[in-house]
$ cat target.json   # JSON, C-alpha atoms and all ligand atoms
[["chain", "number", "residue", "atom", "x", "y", "z"],
["A", 1, "MET", "CA", 17.64, -15.60, -43.84],
["A", 2, "ILE", "CA", 17.99, -14.53, -47.44],
["A", 3, "ASP", "CA", 17.98, -10.89, -46.26],
["A", 4, "ILE", "CA", 20.95, -11.57, -43.99],
["A", 5, "THR", "CA", 22.79, -13.36, -46.81],
["A", 6, "ASN", "CA", 22.22, -10.47, -49.19],
["A", 7, "LYS", "CA", 23.36, -7.94, -46.64],
["A", 8, "ILE", "CA", 26.54, -9.95, -45.91],
["A", 9, "LYS", "CA", 27.31, -10.19, -49.64],
["A", 10, "GLU", "CA", 26.76, -6.47, -50.02],
["A", 11, "ILE", "CA", 29.20, -5.71, -47.22],
["A", 12, "ALA", "CA", 31.81, -8.20, -48.48],
["A", 13, "THR", "CA", 31.56, -6.68, -51.97],
["A", 14, "ARG", "CA", 32.06, -3.19, -50.59],
["A", 15, "LEU", "CA", 35.04, -4.26, -48.46],
["A", 16, "PHE", "CA", 36.78, -5.96, -51.42],
["A", 17, "ASN", "CA", 36.01, -3.05, -53.73],
["A", 18, "ASP", "CA", 37.43, -0.57, -51.22],
["A", 19, "GLY", "CA", 40.55, -2.68, -50.75],
["A", 20, "GLN", "CA", 39.80, -2.94, -47.02],
["A", 21, "ILE", "CA", 40.22, -6.73, -46.80],
["A", 22, "ASP", "CA", 42.19, -9.56, -48.39],
["A", 23, "MET", "CA", 39.78, -12.29, -47.35],
["A", 24, "PHE", "CA", 36.22, -12.68, -46.08],
["A", 25, "ILE", "CA", 35.21, -15.58, -43.86],
["A", 26, "ALA", "CA", 31.58, -16.65, -43.86],
["A", 27, "TRP", "CA", 29.69, -19.83, -44.88],
["A", 28, "GLU", "CA", 28.87, -21.62, -48.13],
["A", 29, "LYS", "CA", 26.36, -24.35, -48.93],
["A", 30, "GLY", "CA", 27.79, -27.85, -48.61],
["A", 31, "PRO", "CA", 27.00, -30.84, -50.80],
["A", 32, "TYR", "CA", 24.01, -31.89, -48.68],
["A", 33, "ALA", "CA", 20.80, -29.98, -47.96],
["A", 34, "TYR", "CA", 21.61, -29.99, -44.24],
["A", 35, "GLN", "CA", 25.22, -28.94, -44.62],
["A", 36, "THR", "CA", 26.56, -25.41, -44.59],
["A", 37, "LYS", "CA", 30.27, -25.01, -44.09],
["A", 38, "PRO", "CA", 32.84, -22.32, -43.37],
["A", 39, "TYR", "CA", 33.90, -20.45, -46.51],
["A", 40, "PHE", "CA", 36.91, -18.32, -47.35],
["A", 41, "ALA", "CA", 36.30, -15.72, -50.06],
["A", 42, "HIS", "CA", 39.63, -14.47, -51.42],
["A", 43, "SER", "CA", 38.33, -11.97, -53.96],
["A", 44, "LEU", "CA", 35.24, -10.27, -55.30],
["A", 45, "ALA", "CA", 34.67, -13.22, -57.62],
["A", 46, "ASP", "CA", 34.14, -15.50, -54.60],
["A", 47, "VAL", "CA", 31.50, -13.36, -52.89],
["A", 48, "ASP", "CA", 28.57, -14.89, -54.75],
["A", 49, "LYS", "CA", 29.00, -18.21, -52.94],
["A", 50, "ILE", "CA", 28.54, -16.67, -49.50],
["A", 51, "ILE", "CA", 25.48, -17.80, -47.60],
["A", 52, "PHE", "CA", 23.96, -17.56, -44.15],
["A", 53, "ASP", "CA", 21.21, -20.09, -43.53],
["A", 54, "GLU", "CA", 19.70, -22.17, -40.74],
["A", 55, "TYR", "CA", 22.67, -24.60, -40.84],
["A", 56, "SER", "CA", 25.42, -21.99, -40.37],
["A", 57, "VAL", "CA", 26.19, -23.66, -37.09],
["A", 58, "HIS", "CA", 30.01, -23.67, -36.86],
["A", 59, "ASN", "CA", 31.82, -21.21, -34.67],
["A", 60, "ILE", "CA", 33.89, -19.71, -37.49],
["A", 61, "ALA", "CA", 36.03, -17.63, -35.13],
["A", 62, "ASN", "CA", 38.05, -20.84, -34.85],
["A", 63, "ALA", "CA", 39.02, -20.48, -38.54],
["A", 64, "LEU", "CA", 40.97, -17.32, -37.69],
["A", 65, "LEU", "CA", 43.63, -19.47, -36.03],
["A", 66, "LYS", "CA", 44.77, -20.63, -39.48],
["A", 67, "PHE", "CA", 45.74, -17.04, -40.26],
["A", 68, "ARG", "CA", 47.07, -15.84, -36.91],
["A", 69, "ASP", "CA", 50.64, -15.58, -38.20],
["A", 70, "GLY", "CA", 49.74, -13.90, -41.47],
["A", 71, "LYS", "CA", 49.20, -10.30, -42.41],
["A", 72, "GLN", "CA", 45.91, -10.63, -44.27],
["A", 73, "ARG", "CA", 43.18, -8.19, -43.33],
["A", 74, "ILE", "CA", 40.15, -10.34, -42.77],
["A", 75, "GLY", "CA", 36.44, -9.66, -42.87],
["A", 76, "ILE", "CA", 34.44, -12.14, -40.83],
["A", 77, "VAL", "CA", 30.77, -12.70, -40.07],
["A", 78, "ALA", "CA", 30.05, -13.34, -36.41],
["A", 79, "LYS", "CA", 26.98, -14.70, -34.70],
["A", 80, "GLY", "CA", 26.84, -14.13, -30.95],
["A", 81, "CYS", "CA", 28.88, -17.25, -30.15],
["A", 82, "ASP", "CA", 31.39, -16.56, -32.96],
["A", 83, "SER", "CA", 31.91, -13.05, -31.66],
["A", 84, "ARG", "CA", 32.64, -14.37, -28.16],
["A", 85, "GLY", "CA", 35.19, -16.63, -29.82],
["A", 86, "ILE", "CA", 36.79, -13.58, -31.41],
["A", 87, "VAL", "CA", 36.99, -11.94, -27.98],
["A", 88, "ARG", "CA", 38.68, -15.12, -26.71],
["A", 89, "LEU", "CA", 41.32, -14.85, -29.47],
["A", 90, "LEU", "CA", 41.88, -11.14, -28.85],
["A", 91, "GLU", "CA", 42.26, -11.62, -25.08],
["A", 92, "ASP", "CA", 44.64, -14.51, -25.72],
["A", 93, "ASN", "CA", 46.76, -12.32, -28.03],
["A", 94, "GLN", "CA", 46.14, -14.70, -30.91],
["A", 95, "PHE", "CA", 44.93, -12.02, -33.31],
["A", 96, "ASP", "CA", 45.25, -8.29, -33.85],
["A", 97, "ARG", "CA", 41.96, -6.41, -33.71],
["A", 98, "ASP", "CA", 43.33, -4.11, -36.45],
["A", 99, "ARG", "CA", 43.42, -6.99, -38.93],
["A", 100, "LEU", "CA", 39.71, -7.72, -38.52],
["A", 101, "TYR", "CA", 36.54, -6.24, -39.94],
["A", 102, "ILE", "CA", 33.74, -7.90, -37.98],
["A", 103, "VAL", "CA", 30.24, -8.10, -39.40],
["A", 104, "GLY", "CA", 28.14, -8.85, -36.34],
["A", 105, "LEU", "CA", 24.84, -10.70, -36.58],
["A", 106, "ALA", "CA", 21.75, -10.82, -34.43],
["A", 107, "CYS", "CA", 21.51, -14.59, -34.60],
["A", 108, "PRO", "CA", 18.04, -16.10, -34.83],
["A", 109, "GLY", "CA", 19.36, -19.55, -33.81],
["A", 110, "VAL", "CA", 20.57, -22.30, -36.10],
["A", 111, "LYS", "CA", 19.76, -25.96, -36.64],
["A", 112, "ASP", "CA", 21.83, -29.00, -35.92],
["A", 113, "PRO", "CA", 22.67, -30.74, -39.20],
["A", 114, "LEU", "CA", 23.00, -34.10, -37.45],
["A", 115, "LYS", "CA", 19.53, -33.85, -35.95],
["A", 116, "ALA", "CA", 18.19, -32.91, -39.38],
["A", 117, "MET", "CA", 19.93, -35.86, -41.03],
["A", 118, "ARG", "CA", 18.63, -38.25, -38.37],
["A", 119, "ASN", "CA", 15.11, -36.90, -38.71],
["A", 120, "ASN", "CA", 15.13, -37.28, -42.46],
["A", 121, "SER", "CA", 17.15, -40.45, -42.86],
["A", 122, "GLY", "CA", 14.23, -42.83, -42.61],
["A", 123, "PHE", "CA", 16.28, -44.90, -40.14],
["A", 124, "SER", "CA", 15.42, -42.99, -36.99],
["A", 125, "ASN", "CA", 12.28, -44.02, -35.17],
["A", 126, "LYS", "CA", 12.49, -40.96, -32.92],
["A", 127, "VAL", "CA", 11.88, -37.75, -34.85],
["A", 128, "GLU", "CA", 13.06, -34.78, -32.83],
["A", 129, "ALA", "CA", 10.38, -32.11, -33.01],
["A", 130, "ASN", "CA", 12.73, -29.17, -32.70],
["A", 131, "ASP", "CA", 15.95, -29.45, -34.65],
["A", 132, "LEU", "CA", 17.42, -26.25, -33.22],
["A", 133, "ALA", "CA", 21.01, -26.95, -32.21],
["A", 134, "ASP", "CA", 21.31, -27.79, -28.51],
["A", 135, "LYS", "CA", 23.81, -24.97, -28.10],
["A", 136, "CYS", "CA", 21.13, -22.48, -29.21],
["A", 137, "PHE", "CA", 18.62, -23.62, -26.56],
["A", 138, "ASP", "CA", 21.06, -22.39, -23.95],
["A", 139, "CYS", "CA", 22.45, -19.38, -25.81],
["A", 140, "ILE", "CA", 23.63, -16.71, -23.41],
["A", 141, "GLU", "CA", 24.06, -13.99, -26.06],
["A", 142, "PRO", "CA", 22.84, -14.40, -29.67],
["A", 143, "ASN", "CA", 23.92, -10.88, -30.66],
["A", 144, "ALA", "CA", 27.49, -10.21, -31.69],
["A", 145, "VAL", "CA", 29.32, -8.59, -28.78],
["A", 146, "ILE", "CA", 32.09, -7.05, -30.89],
["A", 147, "PHE", "CA", 31.60, -5.73, -34.43],
["A", 148, "ASP", "CA", 32.37, -3.00, -36.93],
["A", 149, "GLU", "CA", 28.98, -3.29, -38.55],
["A", 150, "PHE", "CA", 25.82, -5.01, -37.27],
["A", 151, "ILE", "CA", 23.07, -6.81, -39.18],
["A", 152, "GLY", "CA", 19.56, -7.63, -37.99],
["A", 153, "ASP", "CA", 17.21, -6.93, -35.11],
["A", 154, "ARG", "CA", 18.59, -7.77, -31.70],
["A", 155, "GLN", "CA", 17.52, -11.18, -30.38],
["A", 156, "GLU", "CA", 16.72, -12.19, -26.81],
["A", 157, "PRO", "CA", 19.06, -14.74, -25.18],
["A", 158, "ARG", "CA", 17.42, -18.13, -24.55],
["A", 159, "GLY", "CA", 19.88, -19.25, -21.89],
["A", 160, "THR", "CA", 18.66, -18.74, -18.33],
["A", 161, "GLU", "CA", 19.92, -19.97, -14.96],
["A", 162, "GLU", "CA", 18.07, -23.21, -15.80],
["A", 163, "ARG", "CA", 20.92, -24.05, -18.12],
["A", 164, "PHE", "CA", 22.78, -25.13, -14.96],
["A", 165, "ALA", "CA", 20.15, -27.78, -14.09],
["A", 166, "LYS", "CA", 22.50, -30.66, -14.98],
["A", 167, "VAL", "CA", 25.24, -29.07, -12.88],
["A", 168, "ASP", "CA", 22.80, -29.00, -9.92],
["A", 169, "GLU", "CA", 22.12, -32.71, -10.45],
["A", 170, "LEU", "CA", 25.84, -33.42, -10.55],
["A", 171, "GLU", "CA", 26.54, -31.43, -7.41],
["A", 172, "ALA", "CA", 23.77, -33.27, -5.55],
["A", 173, "LEU", "CA", 25.59, -36.60, -6.01],
["A", 174, "SER", "CA", 27.91, -38.04, -3.37],
["A", 175, "PRO", "CA", 31.64, -37.98, -4.23],
["A", 176, "ASP", "CA", 31.54, -41.70, -5.11],
["A", 177, "GLU", "CA", 28.47, -41.26, -7.30],
["A", 178, "ARG", "CA", 30.07, -38.29, -8.99],
["A", 179, "TYR", "CA", 33.23, -40.26, -9.69],
["A", 180, "GLN", "CA", 31.07, -43.03, -11.12],
["A", 181, "PHE", "CA", 29.32, -40.48, -13.35],
["A", 182, "PHE", "CA", 32.61, -39.21, -14.76],
["A", 183, "GLU", "CA", 33.95, -42.74, -15.16],
["A", 184, "ASP", "CA", 30.83, -43.78, -17.07],
["A", 185, "VAL", "CA", 30.75, -40.84, -19.46],
["A", 186, "LEU", "CA", 34.49, -40.48, -20.01],
["A", 187, "SER", "CA", 35.05, -44.18, -20.62],
["A", 188, "LYS", "CA", 33.14, -43.69, -23.89],
["A", 189, "CYS", "CA", 35.63, -41.08, -25.12],
["A", 190, "ILE", "CA", 37.56, -42.30, -28.18],
["A", 191, "ARG", "CA", 40.03, -39.37, -27.88],
["A", 192, "CYS", "CA", 39.39, -38.22, -31.41],
["A", 193, "TYR", "CA", 40.09, -34.67, -30.16],
["A", 194, "ALA", "CA", 37.22, -33.26, -32.22],
["A", 195, "CYS", "CA", 36.19, -31.28, -29.12],
["A", 196, "ARG", "CA", 39.63, -29.70, -29.01],
["A", 197, "GLN", "CA", 39.75, -28.94, -32.73],
["A", 198, "ALA", "CA", 36.34, -27.24, -32.64],
["A", 199, "CYS", "CA", 37.21, -25.17, -29.58],
["A", 200, "VAL", "CA", 38.32, -21.60, -30.12],
["A", 201, "ALA", "CA", 39.73, -21.51, -26.58],
["A", 202, "CYS", "CA", 42.00, -24.50, -27.37],
["A", 203, "ASN", "CA", 44.48, -22.32, -29.20],
["A", 204, "CYS", "CA", 47.90, -23.50, -27.97],
["A", 205, "ARG", "CA", 50.33, -23.85, -30.84],
["A", 206, "VAL", "CA", 51.41, -27.28, -29.66],
["A", 207, "CYS", "CA", 48.83, -29.11, -27.60],
["A", 208, "ILE", "CA", 50.21, -31.05, -24.64],
["A", 209, "PHE", "CA", 48.32, -34.10, -25.97],
["A", 210, "ASP", "CA", 50.20, -33.99, -29.29],
["A", 211, "GLU", "CA", 53.62, -33.83, -27.70],
["A", 212, "THR", "CA", 55.68, -37.00, -27.87],
["A", 213, "LYS", "CA", 58.82, -35.84, -26.04],
["A", 214, "PRO", "CA", 57.78, -36.01, -23.29],
["A", 215, "GLN", "CA", 54.57, -37.87, -23.88],
["A", 216, "TRP", "CA", 52.29, -36.58, -21.14],
["A", 217, "VAL", "CA", 49.48, -39.02, -21.65],
["A", 218, "GLY", "CA", 49.14, -42.50, -23.16],
["A", 219, "ARG", "CA", 47.64, -42.98, -26.60],
["A", 220, "GLU", "CA", 45.18, -45.63, -25.52],
["A", 221, "THR", "CA", 41.65, -44.81, -24.46],
["A", 222, "SER", "CA", 41.96, -46.21, -20.95],
["A", 223, "ILE", "CA", 39.86, -44.44, -18.34],
["A", 224, "SER", "CA", 42.95, -42.96, -16.65],
["A", 225, "ASP", "CA", 44.28, -41.51, -19.93],
["A", 226, "ASN", "CA", 40.83, -40.24, -20.83],
["A", 227, "MET", "CA", 40.41, -38.63, -17.44],
["A", 228, "MET", "CA", 43.82, -37.02, -17.75],
["A", 229, "TYR", "CA", 42.77, -35.48, -21.07],
["A", 230, "HIS", "CA", 39.49, -34.15, -19.74],
["A", 231, "LEU", "CA", 40.99, -32.87, -16.49],
["A", 232, "VAL", "CA", 43.70, -30.94, -18.33],
["A", 233, "LYS", "CA", 41.21, -29.57, -20.84],
["A", 234, "ALA", "CA", 38.87, -28.51, -18.01],
["A", 235, "ALA", "CA", 41.74, -26.77, -16.20],
["A", 236, "HIS", "CA", 42.62, -24.91, -19.40],
["A", 237, "MET", "CA", 38.98, -23.91, -20.00],
["A", 238, "ALA", "CA", 38.31, -22.55, -16.50],
["A", 239, "GLY", "CA", 37.49, -18.86, -16.92],
["A", 240, "ARG", "CA", 38.13, -19.05, -20.67],
["A", 241, "CYS", "CA", 35.28, -21.18, -22.04],
["A", 242, "ILE", "CA", 32.90, -18.90, -23.94],
["A", 243, "GLU", "CA", 30.01, -21.39, -23.72],
["A", 244, "CYS", "CA", 29.65, -21.79, -27.48],
["A", 245, "GLY", "CA", 28.71, -25.47, -27.20],
["A", 246, "GLU", "CA", 30.82, -26.53, -30.17],
["A", 247, "CYS", "CA", 32.77, -29.21, -28.28],
["A", 248, "GLU", "CA", 29.62, -31.08, -27.28],
["A", 249, "ARG", "CA", 28.06, -30.60, -30.71],
["A", 250, "VAL", "CA", 30.95, -32.29, -32.51],
["A", 251, "CYS", "CA", 31.53, -35.14, -30.04],
["A", 252, "PRO", "CA", 30.76, -38.34, -31.95],
["A", 253, "VAL", "CA", 29.87, -40.28, -28.80],
["A", 254, "ASN", "CA", 27.67, -37.65, -27.16],
["A", 255, "ILE", "CA", 29.72, -36.98, -24.06],
["A", 256, "PRO", "CA", 27.97, -34.23, -22.03],
["A", 257, "LEU", "CA", 30.94, -31.87, -22.22],
["A", 258, "MET", "CA", 28.80, -28.79, -21.59],
["A", 259, "THR", "CA", 27.87, -30.12, -18.16],
["A", 260, "ILE", "CA", 31.57, -30.03, -17.29],
["A", 261, "ASN", "CA", 32.00, -26.59, -18.89],
["A", 262, "LYS", "CA", 28.96, -25.16, -17.15],
["A", 263, "LYS", "CA", 30.21, -26.42, -13.80],
["A", 264, "LEU", "CA", 33.46, -24.55, -14.50],
["A", 265, "ILE", "CA", 31.59, -21.44, -15.62],
["A", 266, "ARG", "CA", 29.43, -21.32, -12.50],
["A", 267, "ASP", "CA", 32.33, -22.04, -10.14],
["A", 268, "MET", "CA", 34.46, -19.35, -11.77],
["A", 269, "GLY", "CA", 31.59, -16.91, -11.33],
["A", 270, "ASN", "CA", 31.20, -17.88, -7.67],
["A", 271, "PHE", "CA", 34.93, -17.70, -6.90],
["A", 272, "TYR", "CA", 35.94, -14.71, -8.98],
["A", 273, "GLY", "CA", 32.75, -12.67, -9.44],
["A", 274, "ALA", "CA", 30.51, -12.36, -12.44],
["A", 275, "HIS", "CA", 33.14, -12.83, -15.11],
["A", 276, "ALA", "CA", 31.44, -14.16, -18.24],
["A", 277, "ALA", "CA", 34.17, -15.13, -20.67],
["A", 278, "GLY", "CA", 33.91, -13.52, -24.07],
["A", 279, "LEU", "CA", 30.90, -11.31, -23.40],
["A", 280, "GLU", "CA", 32.88, -8.12, -23.59],
["A", 281, "TYR", "CA", 36.26, -7.14, -25.02],
["A", 282, "VAL", "CA", 38.33, -4.89, -22.83],
["A", 283, "GLU", "CA", 41.80, -4.37, -24.25],
["A", 284, "GLY", "CA", 44.43, -5.85, -21.96],
["A", 285, "ARG", "CA", 41.95, -7.68, -19.73],
["A", 286, "LYS", "CA", 42.80, -11.32, -18.96],
["A", 287, "PRO", "CA", 40.72, -14.24, -17.68],
["A", 288, "PRO", "CA", 40.73, -14.60, -13.85],
["A", 289, "LEU", "CA", 43.13, -17.56, -13.75],
["A", 290, "SER", "CA", 45.64, -15.73, -15.94],
["A", 291, "VAL", "CA", 46.24, -13.05, -13.32],
["A", 292, "TYR", "CA", 47.14, -13.07, -9.65],
["A", 293, "ASP", "CA", 45.51, -10.99, -6.93],
["A", 294, "GLU", "CA", 46.28, -11.07, -3.22],
["A", 295, "GLN", "CA", 42.54, -11.33, -2.48],
["A", 296, "ASP", "CA", 42.16, -14.50, -4.59],
["A", 297, "PRO", "CA", 40.39, -17.31, -2.72],
["A", 298, "ASP", "CA", 42.95, -19.85, -1.50],
["A", 299, "ASP", "CA", 41.01, -22.00, 1.00],
["A", 300, "PHE", "CA", 41.74, -25.03, -1.14],
["A", 301, "LEU", "CA", 45.53, -24.68, -0.75],
["B", 401, "LIG", "S1", 24.58, -20.32, -29.70],
["B", 401, "LIG", "FE1", 23.48, -18.36, -29.91],
["B", 401, "LIG", "S2", 24.69, -17.12, -31.30],
["B", 401, "LIG", "FE2", 25.44, -19.20, -31.46],
["B", 401, "LIG", "S3", 24.31, -20.07, -33.18],
["B", 401, "LIG", "FE3", 23.10, -20.55, -31.36],
["B", 401, "LIG", "S4", 21.64, -18.85, -31.08],
["B", 401, "LIG", "FE4", 23.23, -18.20, -32.55],
["B", 402, "LIG", "S1", 35.03, -35.24, -29.19],
["B", 402, "LIG", "FE1", 34.17, -36.67, -27.68],
["B", 402, "LIG", "S2", 35.16, -38.62, -28.16],
["B", 402, "LIG", "FE2", 36.36, -37.04, -29.19],
["B", 402, "LIG", "S3", 37.98, -36.53, -27.69],
["B", 402, "LIG", "FE3", 36.31, -35.10, -27.35],
["B", 402, "LIG", "S4", 35.06, -36.05, -25.73],
["B", 402, "LIG", "FE4", 36.38, -37.65, -26.58],
["B", 403, "LIG", "S1", 35.11, -25.72, -24.23],
["B", 403, "LIG", "FE1", 33.40, -26.03, -25.66],
["B", 403, "LIG", "S2", 31.91, -24.46, -25.12],
["B", 403, "LIG", "FE2", 33.87, -23.85, -24.23],
["B", 403, "LIG", "S3", 34.83, -22.52, -25.75],
["B", 403, "LIG", "FE3", 35.56, -24.59, -26.14],
["B", 403, "LIG", "S4", 34.16, -25.43, -27.68],
["B", 403, "LIG", "FE4", 33.18, -23.61, -26.79]]
$ encode --input "target.json" --output "structure tokens"
Amino acid sequence: MIDITNKIKEIATRLFNDGQIDMFIAWEKGPYAYQTKPYFAHSLADVDKIIFDEYSVHNIANALLKFRDGKQRIGIVAKGCDSRGIVRLLEDNQFDRDRLYIVGLACPGVKDPLKAMRNNSGFSNKVEANDLADKCFDCIEPNAVIFDEFIGDRQEPRGTEERFAKVDELEALSPDERYQFFEDVLSKCIRCYACRQACVACNCRVCIFDETKPQWVGRETSISDNMMYHLVKAAHMAGRCIECGECERVCPVNIPLMTINKKLIRDMGNFYGAHAAGLEYVEGRKPPLSVYDEQDPDDFL
């Protein structure tokens, strides 16, 4: 990946030198061998720290939200999933396309730092053979879908229809069994909101779950409050989730959030046609549940 790093540095240098950007968002090496973290280069002097390696796992499109109200012109590196996140922000009117210079990557897949730490800690008796991040096993599009410049040879998506296997299992359950499934998994939720913080589609300025007047949901982690959180999040993700897998990756108690998201993704496809959120940017286009059409299915009303 050294070639990709060098190419990114070259582009960032050129953009700063030409005065085209005020900031460049990429990754830098963290304090641990398995840690690579989002990085904000503010000038030419910062470019040297930029890196892209096998642990550049974060969806850095999310970092753009910090600057949505500013005027900075921003260069940003985007793997396939990051670029879908950028499309999400553009469709949601959270960022101006004109303020961005997108360096798209053909992403070879990245590793999960937690898996790597577990494998190398000496405490785990189950060494996972393949430490590719789970989100990359199911990747629907590893190549950036929106860019001003593209790096690398195009990669084949790994995600197939088989990525819905867990959704099939869920749908095969009786209503009572399904309720039991959700009760079991969601009762573990500690409502740390890491899944919300990591999610580029969770971009409301004030989240309903942070409001105190009125307070829409209790602070305790009772099953009813937990279900309320996950139901509202699911409703807000329907037709908007870009399937980046970040929510499930960051969940500290391993809740299978992507099973819920994939159920939404497949249902949205079935109800509203083959709309794959984030795969393409069409100026002015909105997700299916953000617009009304007289032909919309309404059998459930
Ligand atoms: S989900 Fe796809 S684009 Fe994103 S890091 Fe994994 S392989 Fe790359
Ligand atoms: S990251 Fe996991 S534990 Fe935290 S709020 Fe989300 S689902 Fe719950
Ligand atoms: S719900 Fe999860 S998979 Fe969907 S956009 Fe948000 S972080 Fe990505």
$ residues_around --input "target.json" --residues "A:Gly30" --least-positions-apart "4" --cutoff "12 Å" --atoms "all atoms listed in the file" --output "ChimeraX atom specification"
/A:34-39,49-53,55-56,113
$ residues_around --input "target.json" --residues "stretch 62-71 of chain A" --least-positions-apart "4" --cutoff "9 Å" --atoms "only C-alpha atoms" --output "list in words"
Ile25, Pro38, His58, Ile76, Asp82, Gly85, Ile86, Leu89, Gln94, Phe95, Asp96, Arg99, Gln197, Ala198, Cys199, Val200, Ala201 and Asn203 of chain A
$ write_last_selection --input "target.json" --atoms "C-alpha atoms" --output "CSV table (one decimal), keeping the file's coordinate frame"
chain,number,residue,atom,x,y,z
A,25,ILE,CA,35.2,-15.6,-43.9
A,38,PRO,CA,32.8,-22.3,-43.4
A,58,HIS,CA,30.0,-23.7,-36.9
A,76,ILE,CA,34.4,-12.1,-40.8
A,82,ASP,CA,31.4,-16.6,-33.0
A,85,GLY,CA,35.2,-16.6,-29.8
A,86,ILE,CA,36.8,-13.6,-31.4
A,89,LEU,CA,41.3,-14.8,-29.5
A,94,GLN,CA,46.1,-14.7,-30.9
A,95,PHE,CA,44.9,-12.0,-33.3
A,96,ASP,CA,45.2,-8.3,-33.8
A,99,ARG,CA,43.4,-7.0,-38.9
A,197,GLN,CA,39.8,-28.9,-32.7
A,198,ALA,CA,36.3,-27.2,-32.6
A,199,CYS,CA,37.2,-25.2,-29.6
A,200,VAL,CA,38.3,-21.6,-30.1
A,201,ALA,CA,39.7,-21.5,-26.6
A,203,ASN,CA,44.5,-22.3,-29.2
$ atom_distance --input "target.json" --atom1 "atom CA of A:Ala276" --atom2 "atom CA of A:Asp134"
19.8 Å
$ residues_near_ligand --input "target.json" --ligand "ligand LIG 403 (chain B)" --cutoff "10 Å" --atoms "all atoms listed in the file" --output "PyMOL selection string"
chain A and resi 59+62+81-82+84-85+88+135+194-203+233-234+236-250+257-262+264-265+277-278
$ residues_around --input "target.json" --residues "stretch 223-228 of chain A" --least-positions-apart "4" --cutoff "10 Å" --atoms "only C-alpha atoms" --output "ChimeraX atom specification"
/A:182-191,209,216-219,232-234
$ atom_distance --input "target.json" --atom1 "atom CA of A:Ile208" --atom2 "atom FE2 of ligand LIG 401 (chain B)"
28.3 Å
$ residues_near_point --input "target.json" --point "(17.8, -15.3, -24.7)" --cutoff "8 Å" --atoms "all atoms listed in the file" --output "PyMOL selection string"
chain A and resi 138-142+155-160
$ closest_residue --input "target.json" --among "A:Ser222, A:Ser174, A:Thr212, A:Asn143" --to "ligand LIG 401 (chain B)" --atoms "all atoms listed in the file"
A:Asn143
$ atom_distance --input "target.json" --atom1 "atom S1 of ligand LIG 402 (chain B)" --atom2 "atom CA of A:Cys107"
25.3 Å
$ closest_residue --input "target.json" --among "A:Tyr292, A:Pro108, A:Gly122, A:Ala133" --to "A:Gly152" --atoms "all atoms listed in the file"
A:Pro108
$ axis_aligned_box --input "target.json" --around "ligand LIG 402 (chain B)" --padding-each-side "5 Å" --output "JSON"
{"center_x": 36.1, "center_y": -36.9, "center_z": -27.5, "size_x": 13.8, "size_y": 13.5, "size_z": 13.5}
$ build_atoms --input "target.json" --residues "stretch 152-161 of chain A" --atoms "N, CA, C and O atoms" --output "CSV table (one decimal), keeping the file's coordinate frame"
chain,number,residue,atom,x,y,z
A,152,GLY,N,20.7,-7.0,-38.6
A,152,GLY,CA,19.6,-7.6,-38.0
A,152,GLY,C,19.0,-6.9,-36.8
A,152,GLY,O,19.6,-6.0,-36.2
A,153,ASP,N,17.9,-7.5,-36.3
A,153,ASP,CA,17.2,-6.9,-35.1
A,153,ASP,C,17.7,-7.8,-33.9
A,153,ASP,O,17.7,-9.0,-34.0
A,154,ARG,N,18.0,-7.1,-32.9
A,154,ARG,CA,18.6,-7.8,-31.7
A,154,ARG,C,17.7,-8.9,-31.2
A,154,ARG,O,16.4,-8.7,-31.2
A,155,GLN,N,18.3,-10.0,-30.8
A,155,GLN,CA,17.5,-11.2,-30.4
A,155,GLN,C,17.7,-11.3,-28.9
A,155,GLN,O,18.7,-10.9,-28.3
A,156,GLU,N,16.7,-11.9,-28.3
A,156,GLU,CA,16.7,-12.2,-26.8
A,156,GLU,C,17.5,-13.5,-26.5
A,156,GLU,O,17.3,-14.5,-27.2
A,157,PRO,N,18.4,-13.5,-25.5
A,157,PRO,CA,19.1,-14.7,-25.2
A,157,PRO,C,18.0,-15.8,-24.7
A,157,PRO,O,17.1,-15.4,-24.1
A,158,ARG,N,18.3,-17.1,-25.0
A,158,ARG,CA,17.4,-18.1,-24.6
A,158,ARG,C,18.0,-18.7,-23.3
A,158,ARG,O,17.2,-19.3,-22.5
A,159,GLY,N,19.3,-18.6,-23.1
A,159,GLY,CA,19.9,-19.2,-21.9
A,159,GLY,C,19.5,-18.5,-20.6
A,159,GLY,O,19.6,-17.3,-20.5
A,160,THR,N,19.0,-19.3,-19.6
A,160,THR,CA,18.7,-18.7,-18.3
A,160,THR,C,19.5,-19.5,-17.3
A,160,THR,O,20.3,-20.4,-17.7
A,161,GLU,N,19.2,-19.2,-16.0
A,161,GLU,CA,19.9,-20.0,-15.0
A,161,GLU,C,19.6,-21.5,-15.0
A,161,GLU,O,20.3,-22.3,-14.5
